[in-house]
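Student: Sharing a structure, written as structure tokens. Questions coming.
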Amino acid sequence: MLKIDRAKFWLDNGFQLLPCQMNSKKLVYGFGQYQSKISDMKTACAWWDKIGATANMAVLAPDNFYILDFDILDVYAQWAHVCHSAAGSYTETTPRGGTHVFLRGIPPAGSVLKAGAEIKRIVLVSPSVVDGKD
């Protein structure tokens, strides 16, 4: 039931869902930014209740969102210190100890990121598990 609740949260916020292979962040064949996406609760329920109950879940950010992906905790901490208002937006810890920050808008032109940080449109989200870690 948790995956269905999370699916509803993301769909209600304008994101589309992408199933990932169990214990992985690899997308299920046929799904992707320019391929199939799950954009309604009926399909989400069919997928995570029946077809792929053990599959992980990724999201595709809508055009008015972007996701900062920090792989290095110190880089995230430095960014959060400088950008404390943006750091208060919805954030998830990744299975490998990184951080995803979900921001509304478009990335500022000319953004230069430190090593250990990326701007993404697709990321794995909770309650996904990789290498036994959620």
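Naming works like this for the structure tokens: A, B, ... for the chains as they're shown, residue 1 at the start of each chain, ligands 1 onward in shown order.
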Give me the residues within 6 Å of stretch 70-75 of chain A as a list in words, counting only C-alpha atoms and dropping any in the same chain fewer than 3 places off.

Tutor: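 Close residues of stretch 70-75 of chain A: Gln78, Gly98, Thr99, Gly116 and Ala117 of chain A.
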
Student: Using only C-alpha atoms, which protein or nucleic acid residues come within 7 Å of A:Ser89? Drop anything in the same chain fewer than 2 positions from it, and give the result as a PyMOL selection string.

Tutor: chain A and resi 86-87+91+101-103

Student: Output N, CA, C and O atoms for every residue in the selection just made, as a short mmCIF file (atom, residue, chain, number, x, y, z; two decimals), in the first residue's frame.

Tutor:
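Final output, saved to result.cif:
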```cif
data_model
loop_
_atom_site.label_atom_id
_atom_site.label_comp_id
_atom_site.auth_asym_id
_atom_site.auth_seq_id
_atom_site.Cartn_x
_atom_site.Cartn_y
_atom_site.Cartn_z
N ALA A 86 15.93 27.38 -0.42
CA ALA A 86 15.70 26.29 -1.37
C ALA A 86 15.89 24.94 -0.70
O ALA A 86 15.21 23.97 -1.03
N ALA A 87 16.79 24.86 0.27
CA ALA A 87 17.04 23.60 0.97
C ALA A 87 15.84 23.15 1.79
O ALA A 87 15.74 21.99 2.17
N THR A 91 12.65 17.03 0.09
CA THR A 91 13.95 16.38 -0.06
C THR A 91 13.83 14.91 0.35
O THR A 91 13.12 14.59 1.30
N VAL A 101 16.82 16.88 -4.02
CA VAL A 101 16.06 18.07 -3.66
C VAL A 101 15.17 18.41 -4.85
O VAL A 101 15.65 18.61 -5.96
N PHE A 102 13.85 18.49 -4.60
CA PHE A 102 12.87 18.73 -5.65
C PHE A 102 12.50 20.21 -5.64
O PHE A 102 11.98 20.72 -4.64
N LEU A 103 12.80 20.91 -6.74
CA LEU A 103 12.61 22.35 -6.81
C LEU A 103 11.66 22.73 -7.94
O LEU A 103 11.76 22.20 -9.05
#
```

Student: Name the residues in contact with A:Gly14 at a cut-off of 12 Å, using only C-alpha atoms, excluding same-chain residues fewer than 2 positions from it; report them as a ChimeraX atom specification.

Tutor: /A:7-12,16-17,38-40,59-65,104

Student: Write out as JSON, numbers by chain all residues of chain A that backbone DSSP assigns to alpha helix (DSSP H).

Tutor: {"A": [2, 3, 4, 5, 6, 7, 8, 9, 10, 11, 12, 41, 42, 43, 44, 45, 46, 73, 74, 75, 76, 77, 78, 79, 80, 81, 82, 84, 85, 86, 87]}

Student: Hey, what's within 9 Å of A:Lys120 if we count only C-alpha atoms and toss same-chain stuff fewer than 4 positions away? As number ranges by chain, please?

Tutor: A: 61, 66-69

Student: Which residues come within 9 Å of A:Thr94, counting only C-alpha atoms, excluding same-chain residues fewer than 6 positions away, as a PyMOL selection string?

Tutor: chain A and resi 71+100+124-126+133-134

Student: Next, the residues of the selection above should be written as an mmCIF file, in the first residue's frame with all heavy atoms.

Tutor:
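Ended up saving to out_11.cif:
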```cif
data_model
loop_
_atom_site.group_PDB
_atom_site.id
_atom_site.type_symbol
_atom_site.label_atom_id
_atom_site.label_comp_id
_atom_site.auth_asym_id
_atom_site.auth_seq_id
_atom_site.Cartn_x
_atom_site.Cartn_y
_atom_site.Cartn_z
ATOM 1 N N ASP A 71 25.388 13.538 -4.608
ATOM 2 C CA ASP A 71 25.956 12.229 -4.259
ATOM 3 C C ASP A 71 26.889 12.316 -3.062
ATOM 4 O O ASP A 71 27.190 11.306 -2.436
ATOM 5 C CB ASP A 71 26.722 11.642 -5.451
ATOM 6 C CG ASP A 71 25.800 11.275 -6.595
ATOM 7 O OD1 ASP A 71 24.626 10.941 -6.340
ATOM 8 O OD2 ASP A 71 26.247 11.322 -7.752
ATOM 9 N N HIS A 100 18.231 13.980 -2.801
ATOM 10 C CA HIS A 100 17.489 14.553 -3.927
ATOM 11 C C HIS A 100 16.673 15.717 -3.402
ATOM 12 O O HIS A 100 15.907 15.563 -2.449
ATOM 13 C CB HIS A 100 16.537 13.531 -4.557
ATOM 14 C CG HIS A 100 17.222 12.436 -5.282
ATOM 15 N ND1 HIS A 100 16.655 11.197 -5.470
ATOM 16 C CD2 HIS A 100 18.435 12.373 -5.889
ATOM 17 C CE1 HIS A 100 17.479 10.426 -6.151
ATOM 18 N NE2 HIS A 100 18.563 11.120 -6.409
ATOM 19 N N LEU A 124 15.083 7.993 -8.707
ATOM 20 C CA LEU A 124 14.438 6.979 -7.891
ATOM 21 C C LEU A 124 13.853 7.657 -6.654
ATOM 22 O O LEU A 124 14.466 8.588 -6.116
ATOM 23 C CB LEU A 124 15.494 5.953 -7.467
ATOM 24 C CG LEU A 124 15.037 4.599 -6.976
ATOM 25 C CD1 LEU A 124 14.354 3.827 -8.101
ATOM 26 C CD2 LEU A 124 16.235 3.807 -6.470
ATOM 27 N N VAL A 125 12.670 7.220 -6.224
ATOM 28 C CA VAL A 125 12.047 7.819 -5.050
ATOM 29 C C VAL A 125 11.631 6.750 -4.049
ATOM 30 O O VAL A 125 11.560 5.566 -4.374
ATOM 31 C CB VAL A 125 10.813 8.683 -5.426
ATOM 32 C CG1 VAL A 125 11.251 9.916 -6.212
ATOM 33 C CG2 VAL A 125 9.782 7.893 -6.202
ATOM 34 N N SER A 126 11.338 7.200 -2.847
ATOM 35 C CA SER A 126 10.867 6.337 -1.773
ATOM 36 C C SER A 126 9.528 5.733 -2.177
ATOM 37 O O SER A 126 8.729 6.399 -2.824
ATOM 38 C CB SER A 126 10.694 7.202 -0.522
ATOM 39 O OG SER A 126 10.150 6.465 0.521
ATOM 40 N N LYS A 133 18.944 -1.169 0.860
ATOM 41 C CA LYS A 133 18.783 0.111 1.565
ATOM 42 C C LYS A 133 17.648 0.895 0.922
ATOM 43 O O LYS A 133 17.557 0.948 -0.293
ATOM 44 C CB LYS A 133 20.070 0.923 1.479
ATOM 45 C CG LYS A 133 21.260 0.248 2.129
ATOM 46 C CD LYS A 133 22.501 1.028 1.888
ATOM 47 C CE LYS A 133 23.714 0.253 2.392
ATOM 48 N NZ LYS A 133 24.963 0.846 1.953
ATOM 49 N N ASP A 134 16.800 1.514 1.765
ATOM 50 C CA ASP A 134 15.704 2.311 1.201
ATOM 51 C C ASP A 134 16.024 3.791 1.245
ATOM 52 O O ASP A 134 17.044 4.206 1.710
ATOM 53 C CB ASP A 134 14.381 2.032 1.909
ATOM 54 C CG ASP A 134 14.434 2.307 3.399
ATOM 55 O OD1 ASP A 134 15.437 2.806 3.901
ATOM 56 O OD2 ASP A 134 13.411 2.014 4.060
#
```

Student: In Å, how far is it from atom CA of A:Gly88 to atom CA of A:Lys3?

Tutor: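 Spanning atom CA of A:Gly88 to atom CA of A:Lys3 is a straight-line distance of 24.1 Å.
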
Student: Quick one: distance from atom CA of A:Val129 to atom CA of A:Pro107 in Å, one decimal?

Tutor: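 Spanning atom CA of A:Val129 to atom CA of A:Pro107 is a straight-line distance of 28.3 Å.
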
Student: Pick out the closest residue to A:Cys20 from this set: A:Trp48, A:Lys42, A:Pro95, A:Trp79. Count only C-alpha atoms.

Tutor: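 Selected residue with least distance to A:Cys20: A:Trp48.
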
Student: Report, in Å with one decimal, the straight-line distance from atom CA of A:Asn13 to atom CA of A:Val112.

Tutor: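 Going from atom CA of A:Asn13 over to atom CA of A:Val112 covers 27.5 Å.
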